[in-house]
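As provided, protein.cif (mmCIF, C-alpha atoms) reads as follows.
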data_final
#
loop_
_atom_site.label_atom_id
_atom_site.label_comp_id
_atom_site.auth_asym_id
_atom_site.auth_seq_id
_atom_site.Cartn_x
_atom_site.Cartn_y
_atom_site.Cartn_z
CA MET X 1 53.23 -5.76 -108.16
CA LYS X 2 56.31 -7.91 -108.44
CA SER X 3 58.47 -6.73 -111.32
CA ASN X 4 61.96 -7.26 -112.61
CA THR X 5 61.39 -4.73 -115.37
CA LYS X 6 61.70 -0.97 -115.26
CA THR X 7 58.48 0.84 -116.08
CA LEU X 8 58.42 3.59 -118.69
CA THR X 9 57.13 6.16 -116.22
CA GLU X 10 60.49 7.33 -114.86
CA GLY X 11 63.79 8.55 -116.26
CA PRO X 12 64.87 10.72 -119.25
CA LEU X 13 62.35 10.23 -122.04
CA THR X 14 64.65 11.08 -124.96
CA LYS X 15 67.09 8.36 -123.99
CA GLN X 16 64.43 5.86 -122.91
CA ILE X 17 62.38 6.10 -126.10
CA LEU X 18 65.52 5.67 -128.18
CA LEU X 19 66.71 2.66 -126.17
CA VAL X 20 63.29 1.00 -126.37
CA SER X 21 62.81 1.83 -130.06
CA LEU X 22 66.20 0.82 -131.44
CA PRO X 23 65.86 -2.93 -130.77
CA LEU X 24 62.30 -2.75 -132.08
CA ALA X 25 63.47 -0.88 -135.19
CA LEU X 26 66.19 -3.47 -135.73
CA SER X 27 63.59 -6.22 -135.28
CA ASN X 28 61.36 -4.62 -137.89
CA LEU X 29 64.26 -4.05 -140.26
CA LEU X 30 65.45 -7.60 -139.88
CA GLN X 31 61.96 -8.91 -140.51
CA VAL X 32 61.76 -6.84 -143.68
CA LEU X 33 65.27 -7.85 -144.77
CA PHE X 34 64.46 -11.49 -144.23
CA ASN X 35 61.27 -11.11 -146.25
CA MET X 36 63.26 -9.25 -148.88
CA SER X 37 65.54 -12.26 -149.08
CA ASP X 38 62.56 -14.13 -150.56
CA VAL X 39 62.46 -11.64 -153.42
CA ALA X 40 66.24 -11.42 -153.77
CA VAL X 41 66.74 -15.18 -153.92
CA VAL X 42 64.01 -15.83 -156.49
CA GLY X 43 65.02 -12.76 -158.49
CA ARG X 44 68.63 -13.84 -158.77
CA PHE X 45 68.32 -17.62 -158.86
CA ALA X 46 64.85 -18.26 -160.32
CA GLY X 47 64.46 -15.42 -162.84
CA SER X 48 62.36 -12.30 -163.31
CA THR X 49 59.09 -14.22 -163.73
CA ALA X 50 59.46 -15.72 -160.26
CA LEU X 51 60.39 -12.25 -158.99
CA GLY X 52 57.21 -10.81 -160.45
CA ALA X 53 55.12 -13.66 -159.04
CA VAL X 54 56.36 -13.15 -155.49
CA GLY X 55 56.17 -9.36 -155.83
CA SER X 56 52.58 -9.56 -157.04
CA THR X 57 51.55 -11.03 -153.69
CA SER X 58 53.06 -8.27 -151.55
CA ILE X 59 49.82 -6.32 -151.26
CA PHE X 60 47.94 -9.32 -149.84
CA VAL X 61 50.77 -10.23 -147.49
CA THR X 62 50.69 -6.64 -146.26
CA LEU X 63 46.90 -6.75 -145.94
CA PHE X 64 46.77 -9.82 -143.72
CA THR X 65 49.90 -9.15 -141.69
CA GLY X 66 48.77 -5.54 -141.27
CA PHE X 67 45.56 -6.77 -139.70
CA LEU X 68 47.51 -8.89 -137.20
CA ILE X 69 49.83 -5.99 -136.39
CA GLY X 70 46.85 -3.73 -135.78
CA LEU X 71 45.29 -6.31 -133.50
CA SER X 72 48.54 -6.57 -131.54
CA ASN X 73 48.56 -2.77 -131.14
CA GLY X 74 45.40 -3.11 -129.06
CA ILE X 75 47.13 -5.71 -126.88
CA ASN X 76 50.16 -3.44 -126.54
CA VAL X 77 48.13 -0.43 -125.41
CA LEU X 78 46.12 -2.34 -122.83
CA VAL X 79 49.09 -4.14 -121.28
CA ALA X 80 51.07 -0.89 -121.12
CA ARG X 81 48.14 1.01 -119.59
CA PHE X 82 47.47 -1.53 -116.85
CA TYR X 83 51.18 -2.11 -116.23
CA GLY X 84 51.77 1.62 -115.78
CA ALA X 85 48.75 1.88 -113.48
CA ARG X 86 50.05 -1.13 -111.48
CA HIS X 87 46.98 -3.29 -112.02
CA PRO X 88 48.61 -6.76 -112.18
CA ASN X 89 45.34 -8.70 -112.30
CA ASP X 90 44.20 -6.73 -115.34
CA VAL X 91 47.57 -7.33 -117.04
CA HIS X 92 47.24 -11.06 -116.37
CA LYS X 93 43.70 -11.18 -117.79
CA THR X 94 44.70 -9.18 -120.85
CA VAL X 95 47.66 -11.43 -121.69
CA HIS X 96 45.71 -14.68 -121.45
CA SER X 97 42.66 -13.39 -123.30
CA ALA X 98 44.86 -11.90 -126.01
CA LEU X 99 46.52 -15.27 -126.66
CA ILE X 100 43.20 -16.86 -127.63
CA VAL X 101 42.17 -13.84 -129.72
CA SER X 102 45.48 -13.98 -131.60
CA ILE X 103 45.21 -17.70 -132.31
CA ILE X 104 41.69 -17.31 -133.66
CA ALA X 105 42.73 -14.40 -135.87
CA GLY X 106 45.71 -16.32 -137.25
CA VAL X 107 43.63 -19.39 -138.12
CA VAL X 108 40.91 -17.31 -139.80
CA LEU X 109 43.46 -15.51 -141.96
CA LEU X 110 45.10 -18.83 -142.82
CA LEU X 111 41.79 -20.15 -144.16
CA VAL X 112 41.09 -16.96 -146.09
CA GLY X 113 44.53 -17.08 -147.66
CA LEU X 114 44.34 -20.74 -148.61
CA LEU X 115 40.86 -20.60 -150.10
CA GLY X 116 40.78 -17.09 -151.50
CA SER X 117 44.20 -16.64 -153.12
CA PRO X 118 43.13 -17.26 -156.75
CA ALA X 119 40.17 -14.89 -156.56
CA LEU X 120 42.16 -12.20 -154.76
CA LEU X 121 45.00 -12.27 -157.30
CA ARG X 122 42.62 -12.22 -160.25
CA LEU X 123 40.88 -9.24 -158.66
CA LEU X 124 44.16 -7.35 -159.18
CA ASN X 125 44.38 -8.40 -162.82
CA THR X 126 47.62 -10.21 -162.05
CA LYS X 127 49.43 -11.07 -165.28
CA GLU X 128 48.66 -14.58 -166.52
CA ASP X 129 52.34 -15.54 -166.68
CA LEU X 130 52.74 -14.59 -163.01
CA LEU X 131 49.45 -15.99 -161.69
CA PRO X 132 50.34 -19.68 -161.07
CA GLY X 133 53.49 -18.84 -159.12
CA ALA X 134 51.74 -16.09 -157.14
CA ILE X 135 48.88 -18.40 -156.07
CA LEU X 136 51.31 -21.10 -155.01
CA TYR X 137 53.45 -18.65 -153.06
CA LEU X 138 50.48 -17.22 -151.16
CA ARG X 139 49.04 -20.58 -150.20
CA VAL X 140 52.31 -21.86 -148.79
CA TYR X 141 53.24 -18.56 -147.14
CA PHE X 142 49.94 -18.37 -145.29
CA LEU X 143 50.59 -21.65 -143.55
CA GLY X 144 52.64 -19.52 -141.16
CA MET X 145 49.84 -17.03 -140.38
CA PRO X 146 48.89 -18.52 -136.96
CA ALA X 147 52.57 -18.44 -135.96
CA LEU X 148 52.89 -14.83 -137.14
CA ALA X 149 49.84 -13.91 -135.03
CA LEU X 150 51.47 -15.48 -131.98
CA PHE X 151 54.78 -13.70 -132.54
CA ASN X 152 52.99 -10.36 -132.82
CA PHE X 153 51.11 -11.20 -129.63
CA GLY X 154 54.36 -11.83 -127.73
CA ASN X 155 56.11 -8.86 -129.29
CA ALA X 156 53.25 -6.56 -128.28
CA ILE X 157 53.47 -7.68 -124.65
CA PHE X 158 57.23 -7.34 -124.37
CA SER X 159 57.14 -3.94 -126.10
CA ALA X 160 54.38 -2.73 -123.77
CA ILE X 161 56.66 -3.10 -120.75
CA GLY X 162 59.74 -1.76 -122.56
CA GLU X 163 61.50 -5.08 -123.23
CA THR X 164 62.36 -5.00 -126.93
CA LYS X 165 65.69 -6.87 -126.94
CA LYS X 166 64.23 -10.36 -126.54
CA PRO X 167 61.97 -10.12 -129.63
CA LEU X 168 65.00 -8.87 -131.56
CA ILE X 169 67.04 -11.91 -130.58
CA TYR X 170 64.24 -14.34 -131.45
CA LEU X 171 63.51 -12.66 -134.76
CA SER X 172 67.20 -12.63 -135.66
CA THR X 173 67.45 -16.34 -134.98
CA ALA X 174 64.41 -17.15 -137.09
CA GLY X 175 65.54 -14.74 -139.80
CA VAL X 176 68.93 -16.34 -140.26
CA LEU X 177 67.14 -19.66 -140.55
CA ASN X 178 64.84 -18.11 -143.16
CA ILE X 179 67.75 -17.02 -145.34
CA LEU X 180 69.49 -20.39 -145.09
CA LEU X 181 66.28 -22.21 -145.96
CA ASN X 182 65.65 -19.82 -148.86
CA LEU X 183 69.02 -20.66 -150.38
CA PHE X 184 68.61 -24.38 -149.71
CA PHE X 185 65.08 -24.71 -151.07
CA VAL X 186 65.67 -22.53 -154.18
CA ILE X 187 69.25 -23.36 -155.19
CA VAL X 188 69.56 -26.95 -154.00
CA CYS X 189 65.97 -28.20 -154.16
CA GLN X 190 64.91 -26.01 -157.13
CA LEU X 191 61.59 -25.20 -155.44
CA ASN X 192 61.56 -21.54 -156.58
CA VAL X 193 58.52 -19.64 -155.22
CA VAL X 194 57.38 -22.59 -153.11
CA GLY X 195 60.80 -22.75 -151.49
CA VAL X 196 60.90 -19.13 -150.33
CA ALA X 197 57.30 -19.33 -149.08
CA LEU X 198 58.03 -22.51 -147.15
CA ALA X 199 61.15 -20.95 -145.63
CA SER X 200 59.10 -17.99 -144.42
CA ALA X 201 56.42 -20.20 -142.87
CA ILE X 202 59.00 -22.32 -141.02
CA SER X 203 60.88 -19.30 -139.69
CA GLN X 204 57.62 -17.75 -138.45
CA CYS X 205 56.90 -20.90 -136.47
CA VAL X 206 60.36 -20.76 -134.92
CA SER X 207 60.03 -17.09 -133.88
CA ALA X 208 56.58 -17.76 -132.38
CA ALA X 209 57.85 -20.74 -130.38
CA LEU X 210 60.79 -18.76 -129.01
CA ILE X 211 58.76 -15.76 -127.89
CA LEU X 212 56.01 -17.86 -126.30
CA HIS X 213 58.63 -19.86 -124.39
CA ALA X 214 60.17 -16.62 -123.14
CA LEU X 215 56.81 -15.38 -121.87
CA THR X 216 56.35 -18.55 -119.84
CA LYS X 217 59.68 -17.91 -118.08
CA VAL X 218 58.89 -14.33 -117.04
CA GLU X 219 58.57 -13.59 -113.31
CA ASP X 220 56.08 -10.78 -113.50
CA CYS X 221 52.37 -10.19 -113.92
CA TYR X 222 52.59 -10.42 -117.73
CA ALA X 223 53.96 -14.00 -117.61
CA LEU X 224 52.16 -16.53 -119.77
CA ASP X 225 50.67 -19.58 -118.06
CA PHE X 226 49.01 -21.95 -120.54
CA LYS X 227 46.92 -23.45 -117.73
CA ALA X 228 45.43 -20.02 -117.03
CA VAL X 229 44.49 -19.25 -120.63
CA LYS X 230 40.85 -18.26 -120.97
CA LEU X 231 38.76 -15.48 -122.45
CA ASP X 232 37.86 -12.80 -119.94
CA PRO X 233 34.76 -11.11 -121.42
CA ALA X 234 35.64 -7.57 -120.33
CA MET X 235 39.28 -7.78 -121.41
CA THR X 236 38.40 -9.48 -124.69
CA LYS X 237 35.96 -6.68 -125.43
CA SER X 238 38.65 -4.08 -124.67
CA ILE X 239 41.23 -5.87 -126.83
CA LEU X 240 38.82 -5.99 -129.74
CA ALA X 241 37.69 -2.40 -129.16
CA LEU X 242 41.29 -1.20 -129.59
CA GLY X 243 42.71 -3.88 -131.86
CA LEU X 244 39.99 -4.45 -134.45
CA PRO X 245 39.75 -0.84 -135.64
CA ALA X 246 43.54 -0.73 -135.93
CA GLY X 247 43.57 -4.08 -137.71
CA PHE X 248 40.78 -3.13 -140.10
CA GLN X 249 42.47 0.21 -140.71
CA ASN X 250 45.64 -1.57 -141.83
CA ALA X 251 43.59 -4.00 -143.89
CA ILE X 252 41.53 -1.26 -145.54
CA PHE X 253 44.72 0.68 -146.12
CA ALA X 254 46.09 -2.35 -147.95
CA ILE X 255 42.82 -2.70 -149.89
CA ALA X 256 43.20 0.89 -151.07
CA ASN X 257 46.70 -0.05 -152.19
CA LEU X 258 45.14 -2.84 -154.26
CA PHE X 259 43.84 -0.12 -156.55
CA ILE X 260 47.38 1.22 -156.81
CA GLN X 261 48.67 -2.26 -157.65
CA ALA X 262 45.94 -2.56 -160.24
CA GLY X 263 47.21 0.71 -161.69
CA VAL X 264 50.73 -0.69 -161.85
CA ASN X 265 49.38 -3.84 -163.47
CA SER X 266 47.90 -1.68 -166.25
CA PHE X 267 51.46 -1.21 -167.53
CA ASP X 268 53.60 -3.98 -169.02
CA SER X 269 55.22 -6.83 -167.08
CA LEU X 270 58.54 -4.97 -166.99
CA MET X 271 57.00 -2.17 -164.94
CA VAL X 272 55.34 -4.70 -162.63
CA LYS X 273 58.69 -6.38 -162.00
CA GLY X 274 60.45 -3.04 -161.39
CA ASN X 275 57.71 -1.98 -158.99
CA SER X 276 58.02 -5.32 -157.16
CA ALA X 277 61.73 -4.73 -156.60
CA ALA X 278 61.39 -1.06 -155.56
CA ALA X 279 58.44 -1.73 -153.24
CA ASN X 280 60.77 -3.64 -150.92
CA ALA X 281 62.04 -0.29 -149.69
CA ASP X 282 58.56 0.59 -148.40
CA GLY X 283 58.61 -2.11 -145.75
CA MET X 284 62.21 -1.44 -144.80
CA ILE X 285 61.76 2.29 -144.20
CA TYR X 286 58.19 2.25 -142.95
CA ASP X 287 58.81 -0.52 -140.42
CA ALA X 288 61.92 1.20 -139.08
CA MET X 289 59.78 4.28 -138.47
CA ALA X 290 56.99 2.13 -137.01
CA ALA X 291 59.23 1.14 -134.09
CA PHE X 292 58.91 4.67 -132.77
CA TYR X 293 55.13 4.59 -133.23
CA MET X 294 54.87 1.51 -131.03
CA ALA X 295 57.22 3.08 -128.48
CA CYS X 296 55.06 6.21 -128.55
CA ALA X 297 51.92 4.19 -127.77
CA SER X 298 53.67 2.20 -125.02
CA PHE X 299 55.16 5.25 -123.30
CA MET X 300 51.97 7.27 -123.55
CA SER X 301 49.84 4.37 -122.28
CA GLN X 302 52.04 3.63 -119.28
CA ASN X 303 52.36 7.29 -118.31
CA TYR X 304 48.67 7.88 -118.85
CA GLY X 305 47.94 4.94 -116.57
CA ALA X 306 50.43 6.32 -114.02
CA GLY X 307 48.85 9.79 -114.16
CA LYS X 308 51.84 11.72 -115.56
CA PRO X 309 50.53 14.20 -118.18
CA ASP X 310 53.88 15.90 -118.87
CA ARG X 311 55.49 12.61 -119.86
CA VAL X 312 52.47 11.72 -121.98
CA ARG X 313 52.85 14.89 -124.06
CA LYS X 314 56.65 14.71 -124.31
CA SER X 315 56.52 11.07 -125.39
CA TYR X 316 54.53 12.08 -128.47
CA PHE X 317 56.85 14.86 -129.59
CA ILE X 318 60.04 12.87 -129.00
CA ALA X 319 58.74 9.82 -130.86
CA LEU X 320 57.55 12.05 -133.72
CA ALA X 321 60.98 13.68 -134.03
CA TYR X 322 62.74 10.32 -134.07
CA SER X 323 60.41 8.76 -136.64
CA PHE X 324 60.62 11.80 -138.94
CA GLY X 325 64.42 11.74 -138.76
CA VAL X 326 64.61 8.03 -139.52
CA GLY X 327 62.27 8.42 -142.50
CA LEU X 328 64.30 11.35 -143.85
CA VAL X 329 67.67 9.59 -143.51
CA LEU X 330 66.57 6.21 -144.89
CA GLY X 331 64.44 7.72 -147.65
CA GLY X 332 67.22 10.10 -148.64
CA SER X 333 69.69 7.22 -148.78
CA LEU X 334 67.31 5.29 -151.03
CA PHE X 335 66.98 8.33 -153.30
CA LEU X 336 70.77 8.57 -153.65
CA PHE X 337 71.56 4.85 -153.92
CA GLY X 338 68.40 3.53 -155.54
CA ARG X 339 70.14 1.67 -158.36
CA GLU X 340 72.42 -0.15 -155.94
CA PHE X 341 69.40 -1.11 -153.85
CA LEU X 342 67.46 -2.44 -156.84
CA ALA X 343 70.49 -4.43 -157.99
CA LEU X 344 70.01 -6.60 -154.90
CA PHE X 345 66.86 -8.03 -156.46
CA THR X 346 67.55 -8.20 -160.17
CA THR X 347 70.43 -8.20 -162.64
CA GLU X 348 68.27 -6.87 -165.51
CA ALA X 349 69.00 -3.21 -166.32
CA ALA X 350 65.53 -2.66 -167.73
CA VAL X 351 63.90 -3.81 -164.49
CA ILE X 352 66.18 -1.48 -162.49
CA ASP X 353 65.21 1.44 -164.75
CA ALA X 354 61.53 0.67 -164.18
CA GLY X 355 62.05 0.44 -160.40
CA MET X 356 63.82 3.81 -160.31
CA LYS X 357 60.62 5.51 -161.42
CA ARG X 358 59.13 4.59 -158.06
CA VAL X 359 62.28 5.35 -156.06
CA GLN X 360 62.58 8.88 -157.49
CA VAL X 361 59.09 9.78 -156.28
CA MET X 362 59.03 7.95 -152.95
CA GLY X 363 62.57 8.48 -151.63
CA LEU X 364 62.01 11.87 -149.99
CA ALA X 365 58.33 11.33 -149.18
CA TYR X 366 58.49 8.65 -146.47
CA CYS X 367 59.24 11.15 -143.68
CA ILE X 368 55.87 12.83 -144.28
CA SER X 369 54.08 9.71 -143.08
CA ALA X 370 55.56 10.18 -139.58
CA PHE X 371 53.12 13.01 -138.86
CA MET X 372 50.20 10.74 -139.70
CA ASP X 373 51.24 7.45 -138.12
CA CYS X 374 52.88 8.77 -134.95
CA THR X 375 49.79 10.86 -134.23
CA ILE X 376 47.55 7.82 -134.75
CA ALA X 377 49.72 5.84 -132.32
CA ALA X 378 49.51 8.69 -129.81
CA SER X 379 45.71 8.76 -129.98
CA ARG X 380 45.59 5.00 -129.46
CA GLY X 381 47.95 5.36 -126.53
CA LEU X 382 45.21 7.44 -124.93
CA GLY X 383 42.63 4.76 -125.72
CA LYS X 384 41.15 6.56 -128.73
CA THR X 385 40.79 4.31 -131.73
CA ILE X 386 37.52 4.70 -133.66
CA VAL X 387 37.94 8.28 -134.87
CA PRO X 388 41.61 7.90 -135.91
CA THR X 389 40.58 4.86 -137.96
CA VAL X 390 37.76 6.75 -139.67
CA ILE X 391 40.13 9.62 -140.48
CA VAL X 392 42.66 7.24 -142.02
CA ILE X 393 40.00 5.49 -144.06
CA MET X 394 38.76 8.80 -145.46
CA GLY X 395 42.08 10.62 -145.78
CA SER X 396 44.27 7.84 -147.08
CA CYS X 397 42.04 5.06 -148.37
CA VAL X 398 39.06 6.83 -149.98
CA PHE X 399 41.31 9.65 -151.16
CA ARG X 400 43.65 7.16 -152.85
CA VAL X 401 40.83 5.44 -154.70
CA ILE X 402 39.54 8.81 -155.91
CA TRP X 403 43.07 9.77 -157.02
CA VAL X 404 43.49 6.53 -159.00
CA TYR X 405 40.25 7.09 -160.90
CA SER X 406 40.80 10.81 -161.48
CA ILE X 407 44.40 12.11 -161.47
CA PHE X 408 46.02 8.82 -162.50
CA ALA X 409 43.26 7.97 -164.98
CA HIS X 410 43.87 11.33 -166.65
CA PHE X 411 47.70 11.24 -166.86
CA HIS X 412 48.26 7.45 -166.71
CA THR X 413 51.93 7.75 -165.79
CA ILE X 414 53.87 6.06 -163.01
CA PRO X 415 54.80 9.36 -161.28
CA SER X 416 51.14 10.45 -161.25
CA LEU X 417 50.31 7.16 -159.53
CA TYR X 418 53.01 7.31 -156.85
CA LEU X 419 52.44 10.97 -155.96
CA LEU X 420 49.22 9.98 -154.25
CA TYR X 421 51.28 8.57 -151.35
CA PRO X 422 52.75 11.85 -150.01
CA CYS X 423 49.57 13.76 -150.81
CA SER X 424 47.37 11.31 -148.88
CA TRP X 425 49.83 11.20 -145.96
CA ALA X 426 49.85 14.99 -145.65
CA LEU X 427 46.07 15.29 -145.84
CA THR X 428 45.50 12.57 -143.26
CA ALA X 429 48.20 13.92 -140.93
CA ILE X 430 46.51 17.32 -140.71
CA ALA X 431 43.19 15.77 -139.69
CA GLU X 432 44.83 13.34 -137.23
CA ILE X 433 46.76 16.13 -135.49
CA ILE X 434 43.64 18.24 -135.09
CA TYR X 435 41.80 15.31 -133.52
CA PHE X 436 44.72 14.36 -131.28
CA ILE X 437 44.92 17.87 -129.82
CA HIS X 438 41.22 17.64 -128.99
CA CYS X 439 41.30 14.17 -127.41
CA TYR X 440 44.54 14.91 -125.53
CA ARG X 441 42.91 17.85 -123.77
CA ASP X 442 39.90 15.73 -122.87
CA SER X 443 42.02 12.81 -121.67
CA MET X 444 44.06 14.96 -119.32
CA LYS X 445 40.88 15.63 -117.36
CA LEU X 446 40.43 11.92 -116.64
CA PHE X 447 43.62 11.18 -114.70
CA HIS X 448 41.83 10.84 -111.40
CA GLU X 449 39.17 8.52 -112.84
CA PRO X 450 39.51 4.69 -113.16
CA VAL X 451 41.47 3.41 -116.16
CA THR X 452 39.10 2.73 -119.06
CA VAL X 453 39.31 2.12 -122.77
CA GLN X 454 37.40 4.69 -124.79
CA ALA X 455 36.47 4.78 -128.42
#
How would this structure read if it were set down as structure tokens?
Amino acid sequence: MKSNTKTLTEGPLTKQILLVSLPLALSNLLQVLFNMSDVAVVGRFAGSTALGAVGSTSIFVTLFTGFLIGLSNGINVLVARFYGARHPNDVHKTVHSALIVSIIAGVVLLLVGLLGSPALLRLLNTKEDLLPGAILYLRVYFLGMPALALFNFGNAIFSAIGETKKPLIYLSTAGVLNILLNLFFVIVCQLNVVGVALASAISQCVSAALILHALTKVEDCYALDFKAVKLDPAMTKSILALGLPAGFQNAIFAIANLFIQAGVNSFDSLMVKGNSAAANADGMIYDAMAAFYMACASFMSQNYGAGKPDRVRKSYFIALAYSFGVGLVLGGSLFLFGREFLALFTTEAAVIDAGMKRVQVMGLAYCISAFMDCTIAASRGLGKTIVPTVIVIMGSCVFRVIWVYSIFAHFHTIPSLYLLYPCSWALTAIAEIIYFIHCYRDSMKLFHEPVTVQA
């Protein structure tokens, strides 16, 4: 197999995982910071109503983008597995099948977002004064969904072979453009929520174009050739077998969070605005940690494909330690400097006070999620996807809904609402770890068998 790229099956794992994860973490952080610029610009230059309108859409943005990210995780695992096993033909088939799957997914989500935005926002009991701006923002923002699907497709492929610097460069370029367009559309053109949504859609198209162009210039088996694009039935089935459960898990996870948003919406508009500002920290911290989850899946998949059980096990523990540490440091910093963080999005003291109610609960809780999400990534790195998804749905999603209608319904306070996050993470993590230990032992027996994708 011709390759200009180092595989992830040799060398010191502690250093390698860090070097692969850091550009990915920076990419994720930049993406969040650029998205946060939408909220910051409207909050400072268009007022608190525009801030609340954009913030009210965050759950749905997370729902749809989470589905695309989950789908790309299936692409990542397959490419890494076949690349580590040195099966270039399978890598080629996976890449070109995945492109079509990603395009279809992006277009479907675009249509859902355009047609379903009003009903979805009303389902959350979005405040009437925020509803028109929220609908408009969603409809314009979702014009970039196909491009976002394509960027995630390219990012998954590059990450699978350990190349995370290129996506960082492309995302940085598009992100700077996003900020400049935000300022231009909102301050100069006075487009408010439409302006920041349009800036996001344009920047997503730019990042997608850059990463697709880079894939066409690669001299390796994962290179993209538009003339060779077609759906291979076996590979498409494998992509969907791994990607759809992960995508639906993220989507269902977001749906469970809709009940939390509905709980927030049961308070006054001031609390909704404060929650919108504070919730920006979730993406920043969680996505920085998520870089190590993707690295975990890539390293485990390649080493599993290469038949190296020691590196498979060590990859999990090293990635878990890194992600826990990142969550603890970033969450602790948010806890200490929460007011300064919230001041980036609003100048109103009352909104900052409302946002601090979330920060004080969540700041030191993010690190707990590492035990859940890193273990899920590890199971998927071994080709296991159905059971981890079921566990997450029961432990985090169903549990959260029950909490909202029992604990929160009884106390009806913001702290009682936000405490469900660390509690659900801990419960789900315990179940995921127990399952991972079981499937790891079983998978180690299969090293001498052909590479397959198992549910």
Query raised in the report: Which one is closest to Lys227 in chain X: X:His87, X:Arg380, X:His96, X:Lys357? Count only C-alpha atoms.
Result: X:His96
Report task. List, as a VMD selection string, every residue that the PyMOL selection byres ((chain X and resi 317-328) around 10) selects in the file provided. Result -> chain X and resid 13 to 15 17 to 18 21 25 285 to 297 299 312 to 316 329 to 334 363 to 375 377 to 378
Output file for the residues above (C-alpha atoms, as a compact mmCIF listing (two decimals), in the frame of the given file):
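Produced file part_16.txt, reproduced below:
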# COMPACT_ATOMS: atom_id res chain seq x y z
CA LEU X 13 62.35 10.23 -122.04
CA THR X 14 64.65 11.08 -124.96
CA LYS X 15 67.09 8.36 -123.99
CA ILE X 17 62.38 6.10 -126.10
CA LEU X 18 65.52 5.67 -128.18
CA SER X 21 62.81 1.83 -130.06
CA ALA X 25 63.47 -0.88 -135.19
CA ILE X 285 61.76 2.29 -144.20
CA TYR X 286 58.19 2.25 -142.95
CA ASP X 287 58.81 -0.52 -140.42
CA ALA X 288 61.92 1.20 -139.08
CA MET X 289 59.78 4.28 -138.47
CA ALA X 290 56.99 2.13 -137.01
CA ALA X 291 59.23 1.14 -134.09
CA PHE X 292 58.91 4.67 -132.77
CA TYR X 293 55.13 4.59 -133.23
CA MET X 294 54.87 1.51 -131.03
CA ALA X 295 57.22 3.08 -128.48
CA CYS X 296 55.06 6.21 -128.55
CA ALA X 297 51.92 4.19 -127.77
CA PHE X 299 55.16 5.25 -123.30
CA VAL X 312 52.47 11.72 -121.98
CA ARG X 313 52.85 14.89 -124.06
CA LYS X 314 56.65 14.71 -124.31
CA SER X 315 56.52 11.07 -125.39
CA TYR X 316 54.53 12.08 -128.47
CA VAL X 329 67.67 9.59 -143.51
CA LEU X 330 66.57 6.21 -144.89
CA GLY X 331 64.44 7.72 -147.65
CA GLY X 332 67.22 10.10 -148.64
CA SER X 333 69.69 7.22 -148.78
CA LEU X 334 67.31 5.29 -151.03
CA GLY X 363 62.57 8.48 -151.63
CA LEU X 364 62.01 11.87 -149.99
CA ALA X 365 58.33 11.33 -149.18
CA TYR X 366 58.49 8.65 -146.47
CA CYS X 367 59.24 11.15 -143.68
CA ILE X 368 55.87 12.83 -144.28
CA SER X 369 54.08 9.71 -143.08
CA ALA X 370 55.56 10.18 -139.58
CA PHE X 371 53.12 13.01 -138.86
CA MET X 372 50.20 10.74 -139.70
CA ASP X 373 51.24 7.45 -138.12
CA CYS X 374 52.88 8.77 -134.95
CA THR X 375 49.79 10.86 -134.23
CA ALA X 377 49.72 5.84 -132.32
CA ALA X 378 49.51 8.69 -129.81
Requested in this report: List the residues selected by the PyMOL selection byres ((chain X and resi 137-142) around 7) in the file shown, writing them as a ChimeraX atom specification.
Outcome: /X:54,57,110,113-114,117,133-136,143-145,193-194,197-198,200-201
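Interatomic distance, CA of Phe60 in chain X to CA of Gly263 in chain X: 15.5 Å.
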May I have a table of the residues of range 212-290 of chain X lying at most 9 Å from range 153-159 of chain X, giving each one's closest pair of atoms and their distance in Å to one decimal, counting only C-alpha atoms, ordered by chain and ascending residue number, as a Markdown table?
| residue | atom | partner | partner_atom | distance |
| --- | --- | --- | --- | --- |
| X:Leu212 | CA | X:Gly154 | CA | 6.4 |
| X:Ala214 | CA | X:Gly154 | CA | 8.8 |
| X:Leu215 | CA | X:Gly154 | CA | 7.3 |
| X:Tyr222 | CA | X:Ile157 | CA | 7.5 |
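Distances here use only C-alpha atoms; by that measure, the residue among X:Ala426, X:Leu258, X:Ala251, X:Leu19 closest to Leu121 in chain X is X:Leu258.
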Report summary line: Between CA of Ser37 in chain X and CA of Asn257 in chain X lies a distance of 22.7 Å
Check what the PyMOL selection byres ((chain X and resi 238) around 10) selects in the file above and give those residues as a CSV table (one decimal) with C-alpha atoms, keeping the file's coordinate frame.
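result08.csv, written as the output of this step:
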chain,number,residue,atom,x,y,z
X,74,GLY,CA,45.4,-3.1,-129.1
X,75,ILE,CA,47.1,-5.7,-126.9
X,78,LEU,CA,46.1,-2.3,-122.8
X,94,THR,CA,44.7,-9.2,-120.8
X,232,ASP,CA,37.9,-12.8,-119.9
X,233,PRO,CA,34.8,-11.1,-121.4
X,234,ALA,CA,35.6,-7.6,-120.3
X,235,MET,CA,39.3,-7.8,-121.4
X,236,THR,CA,38.4,-9.5,-124.7
X,237,LYS,CA,36.0,-6.7,-125.4
X,239,ILE,CA,41.2,-5.9,-126.8
X,240,LEU,CA,38.8,-6.0,-129.7
X,241,ALA,CA,37.7,-2.4,-129.2
X,242,LEU,CA,41.3,-1.2,-129.6
X,243,GLY,CA,42.7,-3.9,-131.9
X,244,LEU,CA,40.0,-4.4,-134.4
X,383,GLY,CA,42.6,4.8,-125.7
X,452,THR,CA,39.1,2.7,-119.1
X,453,VAL,CA,39.3,2.1,-122.8
X,454,GLN,CA,37.4,4.7,-124.8
X,455,ALA,CA,36.5,4.8,-128.4
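A straight line drawn from CA of Leu120 in chain X to CA of Ala278 in chain X is 22.2 Å long.
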